[in-house]
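**Q** Provided herewith: entry_26.cif, mmCIF, C-alpha atoms and all ligand atoms; chains and numbers go by the auth columns.
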data_structure
#
loop_
_atom_site.group_PDB
_atom_site.id
_atom_site.type_symbol
_atom_site.label_atom_id
_atom_site.label_comp_id
_atom_site.label_asym_id
_atom_site.label_seq_id
_atom_site.Cartn_x
_atom_site.Cartn_y
_atom_site.Cartn_z
_atom_site.B_iso_or_equiv
_atom_site.auth_seq_id
_atom_site.auth_asym_id
ATOM 1 C CA MET A 1 136.611 113.151 100.348 0.00 1387 H
ATOM 2 C CA ALA A 2 136.288 116.690 101.555 0.00 1388 H
ATOM 3 C CA SER A 3 133.750 118.613 103.548 0.00 1389 H
ATOM 4 C CA CYS A 4 131.434 121.231 102.153 0.00 1390 H
ATOM 5 C CA ILE A 5 132.277 124.611 103.626 0.00 1391 H
ATOM 6 C CA GLN A 6 128.633 125.573 103.626 0.00 1392 H
ATOM 7 C CA CYS A 7 126.752 122.596 105.006 0.00 1393 H
ATOM 8 C CA GLY A 8 129.620 120.465 106.297 0.00 1394 H
ATOM 9 C CA ASP A 9 128.489 117.386 104.464 0.00 1395 H
ATOM 10 C CA ASP A 10 130.913 115.183 102.583 0.00 1396 H
ATOM 11 C CA VAL A 11 131.622 116.171 99.001 0.00 1397 H
ATOM 12 C CA SER A 12 132.738 113.365 96.738 0.00 1398 H
ATOM 13 C CA LEU A 13 135.668 114.128 94.485 0.00 1399 H
ATOM 14 C CA HIS A 14 137.316 112.248 91.676 0.00 1400 H
ATOM 15 C CA GLU A 15 140.590 110.616 92.488 0.00 1401 H
ATOM 16 C CA SER A 16 142.379 112.935 90.124 0.00 1402 H
ATOM 17 C CA VAL A 17 140.810 116.164 91.285 0.00 1403 H
ATOM 18 C CA GLU A 18 142.918 119.189 90.394 0.00 1404 H
ATOM 19 C CA VAL A 19 143.415 122.564 91.957 0.00 1405 H
ATOM 20 C CA GLY A 20 141.143 125.082 90.301 0.00 1406 H
ATOM 21 C CA GLU A 21 138.411 122.570 89.610 0.00 1407 H
ATOM 22 C CA ILE A 22 134.871 123.498 90.555 0.00 1408 H
ATOM 23 C CA VAL A 23 132.787 120.863 92.269 0.00 1409 H
ATOM 24 C CA ASP A 24 129.197 120.957 93.419 0.00 1410 H
ATOM 25 C CA CYS A 25 128.054 119.908 96.824 0.00 1411 H
ATOM 26 C CA GLY A 26 125.440 117.235 96.274 0.00 1412 H
ATOM 27 C CA THR A 27 123.672 118.167 99.464 0.00 1413 H
ATOM 28 C CA CYS A 28 123.245 121.947 99.358 0.00 1414 H
ATOM 29 C CA GLY A 29 124.305 122.598 95.771 0.00 1415 H
ATOM 30 C CA VAL A 30 126.940 125.204 96.528 0.00 1416 H
ATOM 31 C CA GLU A 31 129.818 125.437 94.087 0.00 1417 H
ATOM 32 C CA LEU A 32 133.210 124.845 95.596 0.00 1418 H
ATOM 33 C CA GLU A 33 136.632 125.491 94.166 0.00 1419 H
ATOM 34 C CA VAL A 34 139.438 123.071 94.842 0.00 1420 H
ATOM 35 C CA VAL A 35 142.212 125.224 96.258 0.00 1421 H
ATOM 36 C CA GLY A 36 144.506 122.463 97.432 0.00 1422 H
ATOM 37 C CA ASP A 37 144.927 118.810 96.611 0.00 1423 H
ATOM 38 C CA ASP A 38 147.262 117.490 99.278 0.00 1424 H
ATOM 39 C CA PRO A 39 145.171 117.392 101.305 0.00 1425 H
ATOM 40 C CA VAL A 40 142.117 118.454 99.353 0.00 1426 H
ATOM 41 C CA ASN A 41 140.990 121.865 100.406 0.00 1427 H
ATOM 42 C CA LEU A 42 137.812 123.561 99.247 0.00 1428 H
ATOM 43 C CA ALA A 43 136.801 127.185 99.131 0.00 1429 H
ATOM 44 C CA GLU A 44 133.657 128.900 97.981 0.00 1430 H
ATOM 45 C CA ALA A 45 133.799 129.198 94.207 0.00 1431 H
ATOM 46 C CA PRO A 46 133.826 132.662 92.690 0.00 1432 H
ATOM 47 C CA GLU A 47 130.806 133.467 90.588 0.00 1433 H
ATOM 48 C CA LEU A 48 132.108 132.889 87.110 0.00 1434 H
ATOM 49 C CA GLU A 49 130.566 132.049 83.810 0.00 1435 H
ATOM 50 C CA GLU A 50 131.404 128.561 82.676 0.00 1436 H
ATOM 51 C CA ASP A 51 133.452 129.985 79.849 0.00 1437 H
ATOM 52 C CA TRP A 52 136.997 129.231 80.802 0.00 1438 H
ATOM 53 C CA GLY A 53 138.351 128.774 77.321 0.00 1439 H
ATOM 54 C CA GLU A 54 140.424 125.783 76.462 0.00 1440 H
HETATM 55 ZN ZN ZN B . 126.983 121.603 101.004 0.00 1501 H
#
Any chance you could give the structure as structure tokens?

**A**
Amino acid sequence: MASCIQCGDDVSLHESVEVGEIVDCGTCGVELEVVGDDPVNLAEAPELEEDWGE
């Protein structure tokens, strides 16, 4: 569990969350990028198209 940087509410994450993943805050809807996973650390996501390639 991590805290939203915008509203401070808890953001639920999968157990296997990975650095670079983008998660949405369920409370305010902001997009957050996982920048660390031990412990989980969130930052405001850059505005990117959802076209990351595979
Ligand atoms: Zn939020």

**Q** Please define a box with edges along x, y and z of the file around all atoms of stretch 1399-1414 of chain H given in the file, extend it by 3 Å on each side, and return its centre and edge lengths in Å to one decimal, as lines of an AutoDock Vina configuration file.

**A**
center_x = 133.3
center_y = 117.8
center_z = 94.5
size_x = 26.2
size_y = 20.5
size_z = 15.9

**Q** Rounded to one decimal place, report the atom CA of H:Leu1399-atom CA of H:Pro1432 distance in Å.

**A**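 For atom CA of H:Leu1399 relative to atom CA of H:Pro1432, the distance reads 18.7 Å.
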
**Q** Check which residues fall inside 6 Å of ligand ZN 1501 (chain H) when counting only C-alpha atoms and all ligand atoms, and print them as JSON, numbers by chain.

**A** {"H": [1390, 1392, 1393, 1395, 1411, 1413, 1414, 1415, 1416]}

**Q** My list of candidates is H:Ala1429, H:Asp1424, H:Gly1412, H:Glu1419. Which is closest to H:Ile1391 when distances are computed with only C-alpha atoms?

**A**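 Checking each of H:Ala1429, H:Asp1424, H:Gly1412, H:Glu1419 against H:Ile1391, counting only C-alpha atoms, the winner is H:Ala1429.
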
**Q** Translate the PyMOL selection byres (((chain H and resi 1408) around 6) and not hetatm) into a concrete residue list for this structure, as a list in words.

**A**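 Evaluating the PyMOL selection byres (((chain H and resi 1408) around 6) and not hetatm) on this file yields Glu1407, Val1409, Leu1418 and Glu1419 of chain H.
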
**Q** For a test of reading the model, state the distance in Å between atom CA of H:Ser1402 and atom CA of H:Gly1439, rounded to one decimal.

**A**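 Calculated distance between atom CA of H:Ser1402 and atom CA of H:Gly1439 is 20.8 Å.
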
**Q** Between H:Gly1422, H:Ser1398, H:Glu1433, H:Asn1427, single out the one closest to H:Asp1410, counting all atoms listed in the file.

**A**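 That would be H:Ser1398, the residue with the smallest distance to H:Asp1410.
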
**Q** Quote the spacing between atom CA of H:His1400 and atom CA of H:Val1420 in Å to one decimal place.

**A**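 Calculated distance between atom CA of H:His1400 and atom CA of H:Val1420 is 11.5 Å.
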